[in-house]
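Visitor: Quick one, protein36.cif (mmCIF, C-alpha atoms and all ligand atoms):
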data_data
#
loop_
_atom_site.label_atom_id
_atom_site.label_comp_id
_atom_site.auth_asym_id
_atom_site.auth_seq_id
_atom_site.Cartn_x
_atom_site.Cartn_y
_atom_site.Cartn_z
CA MET A 330 106.89 77.00 111.05
CA MET A 331 106.99 75.26 107.65
CA GLU A 332 103.68 75.85 105.89
CA ARG A 333 102.05 75.36 102.53
CA THR A 334 99.66 77.93 101.10
CA LEU A 335 97.54 78.45 98.00
CA VAL A 336 98.29 81.30 95.61
CA ILE A 337 96.33 82.12 92.46
CA VAL A 338 97.48 84.49 89.74
CA LYS A 339 94.00 85.72 88.81
CA PRO A 340 92.71 86.21 85.24
CA ASP A 341 93.88 89.84 85.09
CA GLY A 342 97.41 88.76 86.06
CA VAL A 343 97.48 86.20 83.25
CA GLN A 344 95.90 88.56 80.69
CA ARG A 345 98.28 91.39 81.59
CA ALA A 346 101.25 89.01 81.16
CA LEU A 347 102.27 89.42 84.80
CA VAL A 348 102.52 85.71 85.70
CA GLY A 349 106.32 85.74 85.71
CA GLU A 350 106.51 89.07 87.54
CA ILE A 351 104.20 87.78 90.28
CA ILE A 352 105.84 84.37 90.71
CA LYS A 353 109.27 86.05 90.71
CA ARG A 354 108.39 88.03 93.82
CA PHE A 355 107.33 84.97 95.82
CA GLU A 356 110.27 82.92 94.59
CA ALA A 357 112.79 85.70 95.29
CA ARG A 358 111.42 86.00 98.80
CA GLY A 359 112.38 82.36 99.37
CA LEU A 360 109.11 80.51 98.95
CA ARG A 361 109.38 77.17 97.14
CA ILE A 362 106.93 76.03 94.45
CA ALA A 363 105.42 72.71 95.56
CA GLY A 364 102.74 72.59 92.85
CA MET A 365 101.62 74.72 89.93
CA LYS A 366 99.19 74.60 87.03
CA LEU A 367 97.38 76.76 84.50
CA MET A 368 93.65 76.11 84.62
CA ARG A 369 90.23 77.53 84.00
CA ILE A 370 88.45 77.40 87.39
CA PRO A 371 85.05 75.64 87.17
CA ARG A 372 82.16 77.72 88.55
CA GLU A 373 81.46 75.09 91.24
CA THR A 374 85.04 75.30 92.55
CA ALA A 375 84.89 79.11 92.59
CA GLU A 376 81.63 78.99 94.56
CA ARG A 377 83.24 76.70 97.13
CA HIS A 378 86.34 78.88 97.23
CA TYR A 379 84.35 82.07 97.92
CA ALA A 380 81.58 80.42 100.02
CA GLU A 381 82.28 82.76 102.97
CA HIS A 382 81.32 85.73 100.78
CA LYS A 383 78.01 84.30 99.51
CA GLY A 384 75.28 86.94 99.88
CA LYS A 385 77.72 89.89 99.81
CA SER A 386 77.38 92.52 97.08
CA PHE A 387 80.63 91.50 95.38
CA TYR A 388 80.11 87.71 95.51
CA GLU A 389 78.64 87.21 92.02
CA SER A 390 81.09 89.52 90.27
CA THR A 391 84.03 87.93 92.11
CA VAL A 392 82.99 84.41 91.06
CA ALA A 393 82.43 85.67 87.49
CA TYR A 394 85.86 87.32 87.45
CA ILE A 395 87.86 84.34 88.77
CA THR A 396 86.14 81.98 86.28
CA SER A 397 86.36 84.37 83.30
CA ALA A 398 89.72 83.25 81.91
CA PRO A 399 92.67 80.99 82.82
CA VAL A 400 94.50 81.39 86.11
CA VAL A 401 97.75 79.99 87.49
CA VAL A 402 97.28 78.14 90.77
CA MET A 403 100.26 77.40 92.97
CA CYS A 404 101.14 75.73 96.21
CA LEU A 405 103.96 77.68 97.84
CA GLU A 406 105.91 76.27 100.74
CA GLY A 407 108.21 77.83 103.30
CA PRO A 408 108.55 79.13 106.84
CA ASP A 409 105.33 81.00 107.71
CA ALA A 410 104.33 80.81 104.05
CA VAL A 411 100.78 82.06 104.67
CA ALA A 412 101.90 85.32 106.29
CA ALA A 413 104.79 85.75 103.85
CA VAL A 414 102.42 85.46 100.87
CA ARG A 415 99.87 87.87 102.38
CA ALA A 416 102.57 90.48 103.05
CA THR A 417 104.04 90.06 99.57
CA MET A 418 100.59 90.57 97.99
CA GLY A 419 99.56 93.64 100.01
CA ALA A 420 96.04 94.60 101.12
CA THR A 421 92.93 93.38 99.26
CA ASN A 422 92.34 96.88 97.89
CA PRO A 423 95.42 97.80 95.81
CA LEU A 424 94.96 101.46 96.76
CA SER A 425 95.71 100.51 100.37
CA ALA A 426 98.53 98.12 99.47
CA PRO A 427 101.99 99.59 100.04
CA PRO A 428 104.36 100.21 97.15
CA GLY A 429 106.67 97.20 97.00
CA SER A 430 103.79 94.76 97.33
CA ILE A 431 102.32 93.01 94.27
CA ARG A 432 98.97 94.79 94.50
CA GLY A 433 100.58 98.09 95.51
CA ASP A 434 102.93 98.04 92.53
CA LEU A 435 100.73 96.48 89.87
CA GLY A 436 97.04 97.05 90.72
CA LEU A 437 94.49 99.84 90.91
CA SER A 438 91.15 98.22 91.76
CA ILE A 439 89.82 95.82 94.41
CA ALA A 440 87.83 94.06 91.70
CA ARG A 441 91.01 93.35 89.69
CA ASN A 442 93.60 92.72 92.36
CA LEU A 443 95.76 90.25 90.43
CA VAL A 444 96.46 87.62 93.03
CA HIS A 445 94.87 85.48 95.71
CA GLY A 446 96.57 84.04 98.79
CA ALA A 447 94.97 82.02 101.58
CA ASP A 448 94.40 84.17 104.65
CA LYS A 449 95.09 81.62 107.43
CA PRO A 450 96.85 78.24 107.72
CA GLU A 451 93.47 76.45 108.10
CA THR A 452 92.13 78.24 105.01
CA ALA A 453 95.26 77.22 103.12
CA VAL A 454 94.62 73.53 103.84
CA ARG A 455 90.98 73.84 102.70
CA GLU A 456 91.83 75.82 99.57
CA LEU A 457 94.76 73.61 98.51
CA ALA A 458 92.36 70.64 98.53
CA LEU A 459 90.09 72.51 96.11
CA TYR A 460 92.81 72.79 93.48
CA PHE A 461 95.37 70.02 94.03
CA THR A 462 95.38 66.29 94.68
CA ALA A 463 98.04 65.04 97.12
CA ASP A 464 100.16 63.56 94.30
CA GLU A 465 100.28 66.92 92.48
CA LEU A 466 102.25 68.46 95.36
CA ILE A 467 105.94 67.69 95.55
CA SER A 468 108.18 67.94 98.61
CA TYR A 469 111.83 68.61 97.89
CA GLU A 470 114.79 70.61 99.16
CA ARG A 471 116.59 73.29 97.15
CA SER A 472 120.28 73.73 97.79
CA GLY A 473 119.72 77.37 98.81
CA ASP A 474 116.96 76.66 101.32
CA LYS A 475 119.41 76.39 104.21
CA TRP A 476 120.33 80.05 103.67
CA LEU A 477 116.78 81.25 104.24
CA THR A 478 116.49 80.66 107.97
CA GLU A 479 118.72 80.26 111.00
P1 LIG A 501 91.56 88.64 99.90
O1 LIG A 501 91.70 87.47 100.83
O2 LIG A 501 92.59 89.71 100.14
O3 LIG A 501 91.51 88.24 98.43
O4 LIG A 501 90.15 89.34 100.22
P2 LIG A 501 88.71 88.81 100.60
O5 LIG A 501 88.71 87.36 100.99
O6 LIG A 501 88.12 89.79 101.54
O7 LIG A 501 87.91 88.96 99.21
C1 LIG A 501 88.04 87.99 98.20
C2 LIG A 501 88.07 88.67 96.85
O8 LIG A 501 86.79 89.25 96.60
C3 LIG A 501 89.04 89.85 96.73
O9 LIG A 501 90.34 89.45 96.41
C4 LIG A 501 88.42 90.65 95.59
O10 LIG A 501 88.73 90.04 94.34
C5 LIG A 501 86.94 90.47 95.88
N1 LIG A 501 86.43 91.57 96.72
C6 LIG A 501 86.53 91.71 98.06
N2 LIG A 501 85.93 92.83 98.48
C7 LIG A 501 85.42 93.41 97.37
C8 LIG A 501 84.67 94.60 97.14
O11 LIG A 501 84.34 95.36 98.06
N3 LIG A 501 84.33 94.86 95.83
C9 LIG A 501 84.67 94.03 94.81
N4 LIG A 501 84.30 94.34 93.57
N5 LIG A 501 85.38 92.90 94.99
C10 LIG A 501 85.75 92.61 96.25
#
Please re-express this file's structure in structure tokens.
Ligand code: GDP

Guide:
Amino acid sequence: MMERTLVIVKPDGVQRALVGEIIKRFEARGLRIAGMKLMRIPRETAERHYAEHKGKSFYESTVAYITSAPVVVMCLEGPDAVAAVRATMGATNPLSAPPGSIRGDLGLSIARNLVHGADKPETAVRELALYFTADELISYERSGDKWLTE
């Protein structure tokens, strides 16, 4: 199933100079970049992004963290892109993320877990609309794409 999903290299990923390292893992897995930008997330967008967590103990600090410094937002496209991104990131808490995953290799703390990826296809649609207009996303084929699936 061809899907698009939202990925964010969070402020700690940018500040630790891990943007390339993180994108490399998604790209090497076969996911295609359909949109990408560096931005400072406005508070209002972050509140909409994390609306499901409003009222939880970590809500305020999570909104503060994601808005604290620039992030890189991406639309990644590919077969089962949502699940592929989630598996490549590893569990929310880096201590539970397996070695080989982004969080398992590069992170130590749930409050600084480097990367965001939409958790379901419906969430991906909602989240992509928060960060990208339709004309900022580009559909194209790479010559190697035919070697990624049967
Ligand atoms: P995700 O989809 O794997 O990012 O996880 P969630 O949707 O459950 O949580 C969203 C984000 O909130 C996480 O990526 C963390 O940055 C933050 N978060 C979640 N749970 C906790 C927690 O227990 N403590 C803290 N400090 N942050 C948390």

Visitor: As JSON, what would the box around region 373-390 of chain A look like: edges along x, y and z, 6 Å added on every side, centre and edge lengths in Å to one decimal?

Guide:
{"center_x": 80.8, "center_y": 83.8, "center_z": 96.6, "size_x": 23.1, "size_y": 29.4, "size_z": 24.7}

Visitor: Neighbours of ligand LIG 501 (chain A) at 9 Å or closer, counting all atoms listed in the file: which residues, as number ranges by chain?

Guide: A: 339, 379, 381-382, 385-388, 390-392, 394-395, 415, 418-422, 438-448

Visitor: For Arg333 (chain A), which residue out of A:Ala380, A:Ala416, A:Ile362, A:Leu424 is the nearest one, using only C-alpha atoms?

Guide: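 With only C-alpha atoms as the atom set, the closest residue is A:Ile362.
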
Visitor: Residues within 12 Å of Lys475 (chain A), please, as a PyMOL selection string. Count only C-alpha atoms; anything in the same chain fewer than 3 positions from it doesn't count.

Guide: chain A and resi 359+407-408+470-472+478-479

Visitor: Output C-alpha atoms for every residue in that selection, as a PDB file, in the frame of the given file.

Guide:
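Writing done, so here's selection.pdb:
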ATOM      1  CA  GLY A 359     112.380  82.360  99.370  1.00  0.00           C
ATOM      2  CA  GLY A 407     108.210  77.830 103.300  1.00  0.00           C
ATOM      3  CA  PRO A 408     108.550  79.130 106.840  1.00  0.00           C
ATOM      4  CA  GLU A 470     114.790  70.610  99.160  1.00  0.00           C
ATOM      5  CA  ARG A 471     116.590  73.290  97.150  1.00  0.00           C
ATOM      6  CA  SER A 472     120.280  73.730  97.790  1.00  0.00           C
ATOM      7  CA  THR A 478     116.490  80.660 107.970  1.00  0.00           C
ATOM      8  CA  GLU A 479     118.720  80.260 111.000  1.00  0.00           C
TER       9      GLU A 479
END

Visitor: Skip Val348 (chain A) itself and residues of its chain fewer than 6 positions away, then list as a PDB file with C-alpha atoms, in the coordinates of the input all residues within 10 Å of it, counting only C-alpha atoms.

Guide:
ATOM      1  CA  ILE A 337      96.330  82.120  92.460  1.00  0.00           C
ATOM      2  CA  VAL A 338      97.480  84.490  89.740  1.00  0.00           C
ATOM      3  CA  LYS A 339      94.000  85.720  88.810  1.00  0.00           C
ATOM      4  CA  PRO A 340      92.710  86.210  85.240  1.00  0.00           C
ATOM      5  CA  ASP A 341      93.880  89.840  85.090  1.00  0.00           C
ATOM      6  CA  GLY A 342      97.410  88.760  86.060  1.00  0.00           C
ATOM      7  CA  VAL A 400      94.500  81.390  86.110  1.00  0.00           C
ATOM      8  CA  VAL A 401      97.750  79.990  87.490  1.00  0.00           C
ATOM      9  CA  LEU A 443      95.760  90.250  90.430  1.00  0.00           C
ATOM     10  CA  VAL A 444      96.460  87.620  93.030  1.00  0.00           C
TER      11      VAL A 444
END

Visitor: Nearest to Gln344 (chain A) among A:Gly429, A:Pro399, A:Pro450, A:Pro423, with distances taken over all atoms listed in the file: which residue is it?

Guide: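 Closest to Gln344 (chain A) of all the choices is A:Pro399.
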
Visitor: For Phe355 (chain A), which of A:Met331, A:Ala458, A:Val414, A:Ala398 is the closest residue, counting only C-alpha atoms?

Guide: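 Among the listed residues, the smallest separation from Phe355 (chain A) belongs to A:Val414.
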